[in-house]
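Below: the structure, in structure tokens.
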Amino acid sequence: MAKATYAPMFETVSGALNKIDKKSPHAADQKMVLATHRKAPTTSPDCSRVYIRDLNSITRTTPVTAKETGIRTKFAAVSAAVNTRLHDQSKQAVDLAAFNLQKDSANGKKTMRSYLWSLEAEAYDQALNG
């Protein structure tokens, strides 16, 4: 049995160590390796896990729903609007001043991107709902 020991500075590890190339003609022969490690206040020594997955276990079997399509459409539209607004020289000074006013409030956004995301998501919802 193989054993992996993480350096003490790593409190958590989570994600794919190796992915399956779905476009490859050999995708069915490939395996995905997922690893998780967490440092938790527990008496159990089993805080690390490794999972091996094949193509069938990572391939979606259900069709995309209308709700998911709507969410994806909104995400794409808001993301594009935020990127456009971030690079628009004419709005940067006004946006920065408005961001600085709200960032220290209780529900204020802590980054400029999240602030613009909230504005553009609200604008998208208003345009969609009339």
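Identifiers for the structure tokens are assigned positionally: chains receive A, B, ... in sequence, residues are indexed from 1 per chain, and ligands are indexed from 1 in the order shown.
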**Study point:** Residue neighbourhood Gln92 in chain A, 12 Å, only C-alpha atoms, exclusion window fewer than 4 positions, as a ChimeraX atom specification
**Key:** /A:82-88,96-99,112-113,116
Would you output that residue set with all heavy atoms, as a short mmCIF file (atom, residue, chain, number, x, y, z; two decimals), in the first residue's frame?
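Generated file (part-v8.cif):
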```
data_model
loop_
_atom_site.label_atom_id
_atom_site.label_comp_id
_atom_site.auth_asym_id
_atom_site.auth_seq_id
_atom_site.Cartn_x
_atom_site.Cartn_y
_atom_site.Cartn_z
N VAL A 82 -19.24 42.61 -16.35
CA VAL A 82 -18.27 43.01 -15.32
C VAL A 82 -16.90 43.26 -15.95
O VAL A 82 -16.24 44.26 -15.65
CB VAL A 82 -18.17 41.93 -14.21
CG1 VAL A 82 -16.96 42.15 -13.32
CG2 VAL A 82 -19.44 41.92 -13.38
N ASN A 83 -16.47 42.37 -16.83
CA ASN A 83 -15.17 42.55 -17.48
C ASN A 83 -15.14 43.82 -18.32
O ASN A 83 -14.15 44.55 -18.33
CB ASN A 83 -14.81 41.33 -18.32
CG ASN A 83 -14.39 40.16 -17.46
OD1 ASN A 83 -13.90 40.34 -16.35
ND2 ASN A 83 -14.58 38.97 -17.97
N THR A 84 -16.23 44.09 -19.03
CA THR A 84 -16.31 45.31 -19.83
C THR A 84 -16.26 46.54 -18.94
O THR A 84 -15.53 47.51 -19.22
CB THR A 84 -17.62 45.31 -20.65
OG1 THR A 84 -17.64 44.16 -21.48
CG2 THR A 84 -17.72 46.55 -21.51
N ARG A 85 -16.99 46.49 -17.83
CA ARG A 85 -17.04 47.65 -16.92
C ARG A 85 -15.70 47.87 -16.22
O ARG A 85 -15.31 49.01 -15.97
CB ARG A 85 -18.15 47.43 -15.91
CG ARG A 85 -18.47 48.66 -15.10
CD ARG A 85 -19.81 48.51 -14.45
NE ARG A 85 -20.07 49.61 -13.54
CZ ARG A 85 -21.23 49.86 -13.00
NH1 ARG A 85 -22.26 49.09 -13.27
NH2 ARG A 85 -21.40 50.87 -12.19
N LEU A 86 -14.99 46.80 -15.90
CA LEU A 86 -13.68 46.93 -15.26
C LEU A 86 -12.67 47.65 -16.16
O LEU A 86 -11.78 48.35 -15.68
CB LEU A 86 -13.12 45.56 -14.88
CG LEU A 86 -13.56 44.98 -13.55
CD1 LEU A 86 -13.09 43.55 -13.42
CD2 LEU A 86 -13.04 45.81 -12.40
N HIS A 87 -12.81 47.47 -17.46
CA HIS A 87 -11.86 48.04 -18.41
C HIS A 87 -12.35 49.34 -19.04
O HIS A 87 -11.67 49.91 -19.88
CB HIS A 87 -11.53 47.01 -19.49
CG HIS A 87 -10.79 45.83 -18.94
ND1 HIS A 87 -11.44 44.68 -18.53
CD2 HIS A 87 -9.48 45.64 -18.68
CE1 HIS A 87 -10.56 43.82 -18.08
NE2 HIS A 87 -9.37 44.38 -18.15
N ASP A 88 -13.53 49.81 -18.65
CA ASP A 88 -14.08 51.05 -19.19
C ASP A 88 -13.50 52.24 -18.41
O ASP A 88 -13.84 52.47 -17.25
CB ASP A 88 -15.61 51.03 -19.07
CG ASP A 88 -16.26 52.22 -19.77
OD1 ASP A 88 -15.53 53.09 -20.28
OD2 ASP A 88 -17.51 52.27 -19.78
N LEU A 96 -14.97 53.25 -8.52
CA LEU A 96 -14.03 53.16 -7.40
C LEU A 96 -14.52 53.96 -6.20
O LEU A 96 -14.45 53.49 -5.06
CB LEU A 96 -12.64 53.63 -7.83
CG LEU A 96 -11.53 53.45 -6.79
CD1 LEU A 96 -11.37 52.00 -6.41
CD2 LEU A 96 -10.23 54.01 -7.32
N ALA A 97 -15.04 55.15 -6.44
CA ALA A 97 -15.57 55.98 -5.34
C ALA A 97 -16.77 55.29 -4.68
O ALA A 97 -16.86 55.24 -3.45
CB ALA A 97 -15.96 57.35 -5.87
N ALA A 98 -17.67 54.74 -5.48
CA ALA A 98 -18.84 54.05 -4.93
C ALA A 98 -18.43 52.79 -4.18
O ALA A 98 -18.99 52.48 -3.12
CB ALA A 98 -19.82 53.71 -6.05
N PHE A 99 -17.45 52.07 -4.70
CA PHE A 99 -16.95 50.87 -4.03
C PHE A 99 -16.35 51.22 -2.67
O PHE A 99 -16.63 50.56 -1.67
CB PHE A 99 -15.91 50.18 -4.91
CG PHE A 99 -15.13 49.12 -4.18
CD1 PHE A 99 -15.71 47.93 -3.80
CD2 PHE A 99 -13.80 49.34 -3.86
CE1 PHE A 99 -14.99 46.96 -3.12
CE2 PHE A 99 -13.06 48.38 -3.18
CZ PHE A 99 -13.66 47.19 -2.81
N MET A 112 -13.50 44.82 -5.57
CA MET A 112 -14.11 45.60 -6.64
C MET A 112 -14.91 44.70 -7.58
O MET A 112 -16.01 45.05 -8.00
CB MET A 112 -13.02 46.36 -7.40
CG MET A 112 -13.55 47.25 -8.48
SD MET A 112 -14.41 48.65 -7.77
CE MET A 112 -14.34 49.79 -9.10
N ARG A 113 -14.35 43.54 -7.89
CA ARG A 113 -15.03 42.63 -8.81
C ARG A 113 -16.36 42.15 -8.21
O ARG A 113 -17.38 42.09 -8.90
CB ARG A 113 -14.15 41.44 -9.16
CG ARG A 113 -14.76 40.53 -10.23
CD ARG A 113 -13.81 39.46 -10.68
NE ARG A 113 -12.69 39.97 -11.45
CZ ARG A 113 -12.72 40.19 -12.76
NH1 ARG A 113 -13.83 39.95 -13.44
NH2 ARG A 113 -11.66 40.63 -13.38
N LEU A 116 -18.87 45.04 -8.45
CA LEU A 116 -19.41 45.20 -9.80
C LEU A 116 -20.30 44.03 -10.19
O LEU A 116 -21.29 44.20 -10.90
CB LEU A 116 -18.26 45.36 -10.80
CG LEU A 116 -17.45 46.65 -10.68
CD1 LEU A 116 -16.33 46.67 -11.70
CD2 LEU A 116 -18.34 47.86 -10.84
#
```
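Rounded to one decimal, CA of Ser105 in chain A and CA of Ala81 in chain A lie 24.8 Å from each other.
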Review point. What lies within 10 Å of range 72-76 of chain A using only C-alpha atoms, ignoring chain neighbours under 2 positions off, as JSON, numbers by chain?
Key: {"A": [66, 67, 68, 69, 70, 78, 79, 80, 81, 117, 121, 124, 125, 128]}
Exercise for review: Enumerate the residues of range 7-122 of chain A with a DSSP assignment of strand (DSSP E), computed from the backbone, and present them as a PyMOL selection string.
Suggested key: chain A and resi 12-18+32-38+48-53
Could the residues in this selection be saved with N, CA and C atoms as a PDB file, in the first residue's frame?
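Contents of result-v8.pdb, freshly written:
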```pdb
ATOM      1  N   THR A  12      -4.813  21.689   4.201  1.00  0.00           N
ATOM      2  CA  THR A  12      -5.825  21.023   3.387  1.00  0.00           C
ATOM      3  C   THR A  12      -5.310  20.821   1.970  1.00  0.00           C
ATOM      4  N   VAL A  13      -5.740  19.730   1.374  1.00  0.00           N
ATOM      5  CA  VAL A  13      -5.488  19.432  -0.031  1.00  0.00           C
ATOM      6  C   VAL A  13      -6.799  18.878  -0.560  1.00  0.00           C
ATOM      7  N   SER A  14      -7.257  19.381  -1.690  1.00  0.00           N
ATOM      8  CA  SER A  14      -8.500  18.881  -2.238  1.00  0.00           C
ATOM      9  C   SER A  14      -8.507  19.108  -3.741  1.00  0.00           C
ATOM     10  N   GLY A  15      -8.731  18.047  -4.484  1.00  0.00           N
ATOM     11  CA  GLY A  15      -8.859  18.223  -5.917  1.00  0.00           C
ATOM     12  C   GLY A  15      -8.266  17.095  -6.723  1.00  0.00           C
ATOM     13  N   ALA A  16      -8.289  17.279  -8.028  1.00  0.00           N
ATOM     14  CA  ALA A  16      -7.819  16.263  -8.951  1.00  0.00           C
ATOM     15  C   ALA A  16      -6.310  16.350  -9.127  1.00  0.00           C
ATOM     16  N   LEU A  17      -5.657  15.222  -8.966  1.00  0.00           N
ATOM     17  CA  LEU A  17      -4.229  15.151  -9.232  1.00  0.00           C
ATOM     18  C   LEU A  17      -3.987  14.803 -10.692  1.00  0.00           C
ATOM     19  N   ASN A  18      -4.942  14.123 -11.287  1.00  0.00           N
ATOM     20  CA  ASN A  18      -4.846  13.701 -12.672  1.00  0.00           C
ATOM     21  C   ASN A  18      -6.262  13.698 -13.241  1.00  0.00           C
ATOM     22  N   MET A  32      -9.115   9.135 -13.343  1.00  0.00           N
ATOM     23  CA  MET A  32      -8.957  10.393 -12.625  1.00  0.00           C
ATOM     24  C   MET A  32      -8.560  10.057 -11.190  1.00  0.00           C
ATOM     25  N   VAL A  33      -7.558  10.767 -10.680  1.00  0.00           N
ATOM     26  CA  VAL A  33      -7.115  10.562  -9.309  1.00  0.00           C
ATOM     27  C   VAL A  33      -7.458  11.817  -8.511  1.00  0.00           C
ATOM     28  N   LEU A  34      -8.286  11.650  -7.500  1.00  0.00           N
ATOM     29  CA  LEU A  34      -8.688  12.750  -6.622  1.00  0.00           C
ATOM     30  C   LEU A  34      -8.091  12.500  -5.243  1.00  0.00           C
ATOM     31  N   ALA A  35      -7.603  13.558  -4.618  1.00  0.00           N
ATOM     32  CA  ALA A  35      -7.049  13.427  -3.276  1.00  0.00           C
ATOM     33  C   ALA A  35      -7.645  14.498  -2.370  1.00  0.00           C
ATOM     34  N   THR A  36      -7.891  14.103  -1.136  1.00  0.00           N
ATOM     35  CA  THR A  36      -8.330  15.058  -0.125  1.00  0.00           C
ATOM     36  C   THR A  36      -7.493  14.837   1.125  1.00  0.00           C
ATOM     37  N   HIS A  37      -7.175  15.912   1.789  1.00  0.00           N
ATOM     38  CA  HIS A  37      -6.452  15.855   3.056  1.00  0.00           C
ATOM     39  C   HIS A  37      -6.904  17.042   3.878  1.00  0.00           C
ATOM     40  N   ARG A  38      -7.208  16.804   5.104  1.00  0.00           N
ATOM     41  CA  ARG A  38      -7.590  17.905   5.969  1.00  0.00           C
ATOM     42  C   ARG A  38      -6.984  17.672   7.343  1.00  0.00           C
ATOM     43  N   SER A  48      -6.923  11.648   5.306  1.00  0.00           N
ATOM     44  CA  SER A  48      -6.527  11.708   3.902  1.00  0.00           C
ATOM     45  C   SER A  48      -7.266  10.632   3.131  1.00  0.00           C
ATOM     46  N   ARG A  49      -7.702  10.976   1.938  1.00  0.00           N
ATOM     47  CA  ARG A  49      -8.391  10.023   1.075  1.00  0.00           C
ATOM     48  C   ARG A  49      -7.887  10.191  -0.354  1.00  0.00           C
ATOM     49  N   VAL A  50      -7.878   9.095  -1.097  1.00  0.00           N
ATOM     50  CA  VAL A  50      -7.560   9.118  -2.521  1.00  0.00           C
ATOM     51  C   VAL A  50      -8.662   8.344  -3.230  1.00  0.00           C
ATOM     52  N   TYR A  51      -9.204   8.924  -4.289  1.00  0.00           N
ATOM     53  CA  TYR A  51     -10.282   8.308  -5.049  1.00  0.00           C
ATOM     54  C   TYR A  51      -9.827   8.129  -6.490  1.00  0.00           C
ATOM     55  N   ILE A  52     -10.161   6.998  -7.083  1.00  0.00           N
ATOM     56  CA  ILE A  52      -9.885   6.720  -8.494  1.00  0.00           C
ATOM     57  C   ILE A  52     -11.232   6.667  -9.196  1.00  0.00           C
ATOM     58  N   ARG A  53     -11.400   7.476 -10.254  1.00  0.00           N
ATOM     59  CA  ARG A  53     -12.666   7.531 -10.981  1.00  0.00           C
ATOM     60  C   ARG A  53     -12.405   7.263 -12.454  1.00  0.00           C
TER      61      ARG A  53
END
```
Practice item. Within range 19-129 of chain A, find each residue whose DSSP state, derived from the backbone, is alpha helix (DSSP H), and express the selection as a PyMOL selection string. Key: chain A and resi 55-58+66-86+89-102+112-129
Could you save those same residues with C-alpha atoms as a PDB file, in the first residue's frame?
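Result file follows (out.pdb):
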```
ATOM      1  CA  LEU A  55     -14.918   8.077 -17.488  1.00  0.00           C
ATOM      2  CA  ASN A  56     -18.397   6.727 -16.681  1.00  0.00           C
ATOM      3  CA  SER A  57     -18.355   8.161 -13.170  1.00  0.00           C
ATOM      4  CA  ILE A  58     -17.528  11.703 -14.329  1.00  0.00           C
ATOM      5  CA  ALA A  66     -34.012  24.907 -18.369  1.00  0.00           C
ATOM      6  CA  LYS A  67     -33.094  26.290 -14.931  1.00  0.00           C
ATOM      7  CA  GLU A  68     -29.427  25.363 -15.448  1.00  0.00           C
ATOM      8  CA  THR A  69     -29.447  26.946 -18.897  1.00  0.00           C
ATOM      9  CA  GLY A  70     -30.860  30.151 -17.414  1.00  0.00           C
ATOM     10  CA  ILE A  71     -28.192  30.196 -14.702  1.00  0.00           C
ATOM     11  CA  ARG A  72     -25.432  29.624 -17.263  1.00  0.00           C
ATOM     12  CA  THR A  73     -26.814  32.374 -19.506  1.00  0.00           C
ATOM     13  CA  LYS A  74     -26.979  34.831 -16.597  1.00  0.00           C
ATOM     14  CA  PHE A  75     -23.447  33.958 -15.492  1.00  0.00           C
ATOM     15  CA  ALA A  76     -22.053  34.494 -19.006  1.00  0.00           C
ATOM     16  CA  ALA A  77     -23.870  37.806 -19.458  1.00  0.00           C
ATOM     17  CA  VAL A  78     -22.951  39.213 -16.024  1.00  0.00           C
ATOM     18  CA  SER A  79     -19.340  38.046 -16.329  1.00  0.00           C
ATOM     19  CA  ALA A  80     -18.962  39.770 -19.699  1.00  0.00           C
ATOM     20  CA  ALA A  81     -20.581  42.950 -18.354  1.00  0.00           C
ATOM     21  CA  VAL A  82     -18.266  43.007 -15.316  1.00  0.00           C
ATOM     22  CA  ASN A  83     -15.168  42.555 -17.477  1.00  0.00           C
ATOM     23  CA  THR A  84     -16.313  45.309 -19.826  1.00  0.00           C
ATOM     24  CA  ARG A  85     -17.040  47.649 -16.923  1.00  0.00           C
ATOM     25  CA  LEU A  86     -13.680  46.934 -15.262  1.00  0.00           C
ATOM     26  CA  GLN A  89     -11.926  54.105 -18.414  1.00  0.00           C
ATOM     27  CA  SER A  90     -14.919  56.444 -18.281  1.00  0.00           C
ATOM     28  CA  LYS A  91     -16.569  54.563 -15.376  1.00  0.00           C
ATOM     29  CA  GLN A  92     -13.525  53.604 -13.301  1.00  0.00           C
ATOM     30  CA  ALA A  93     -13.355  56.707 -11.111  1.00  0.00           C
ATOM     31  CA  VAL A  94     -17.088  56.678 -10.304  1.00  0.00           C
ATOM     32  CA  ASP A  95     -17.095  52.931  -9.645  1.00  0.00           C
ATOM     33  CA  LEU A  96     -14.033  53.156  -7.405  1.00  0.00           C
ATOM     34  CA  ALA A  97     -15.568  55.975  -5.345  1.00  0.00           C
ATOM     35  CA  ALA A  98     -18.842  54.054  -4.933  1.00  0.00           C
ATOM     36  CA  PHE A  99     -16.946  50.870  -4.029  1.00  0.00           C
ATOM     37  CA  ASN A 100     -14.896  52.653  -1.369  1.00  0.00           C
ATOM     38  CA  LEU A 101     -18.051  54.103   0.203  1.00  0.00           C
ATOM     39  CA  GLN A 102     -19.717  50.729   0.658  1.00  0.00           C
ATOM     40  CA  MET A 112     -14.113  45.599  -6.641  1.00  0.00           C
ATOM     41  CA  ARG A 113     -15.034  42.626  -8.807  1.00  0.00           C
ATOM     42  CA  SER A 114     -17.640  41.339  -6.324  1.00  0.00           C
ATOM     43  CA  TYR A 115     -19.072  44.855  -6.035  1.00  0.00           C
ATOM     44  CA  LEU A 116     -19.406  45.200  -9.802  1.00  0.00           C
ATOM     45  CA  TRP A 117     -20.769  41.660 -10.001  1.00  0.00           C
ATOM     46  CA  SER A 118     -23.579  42.576  -7.598  1.00  0.00           C
ATOM     47  CA  LEU A 119     -24.421  45.702  -9.612  1.00  0.00           C
ATOM     48  CA  GLU A 120     -24.413  43.926 -12.963  1.00  0.00           C
ATOM     49  CA  ALA A 121     -26.377  40.929 -11.625  1.00  0.00           C
ATOM     50  CA  GLU A 122     -29.042  43.294 -10.294  1.00  0.00           C
ATOM     51  CA  ALA A 123     -29.139  45.133 -13.636  1.00  0.00           C
ATOM     52  CA  TYR A 124     -29.473  41.810 -15.471  1.00  0.00           C
ATOM     53  CA  ASP A 125     -32.366  40.731 -13.240  1.00  0.00           C
ATOM     54  CA  GLN A 126     -34.134  44.083 -13.712  1.00  0.00           C
ATOM     55  CA  ALA A 127     -33.733  43.923 -17.491  1.00  0.00           C
ATOM     56  CA  LEU A 128     -35.038  40.365 -17.523  1.00  0.00           C
ATOM     57  CA  ASN A 129     -38.041  41.052 -15.286  1.00  0.00           C
TER      58      ASN A 129
END
```
Review point. CA of Ala27 in chain A to CA of Thr61 in chain A: how many Å, to one decimal?
Key: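 Pair CA of Ala27 in chain A / CA of Thr61 in chain A returns 16.6 Å.
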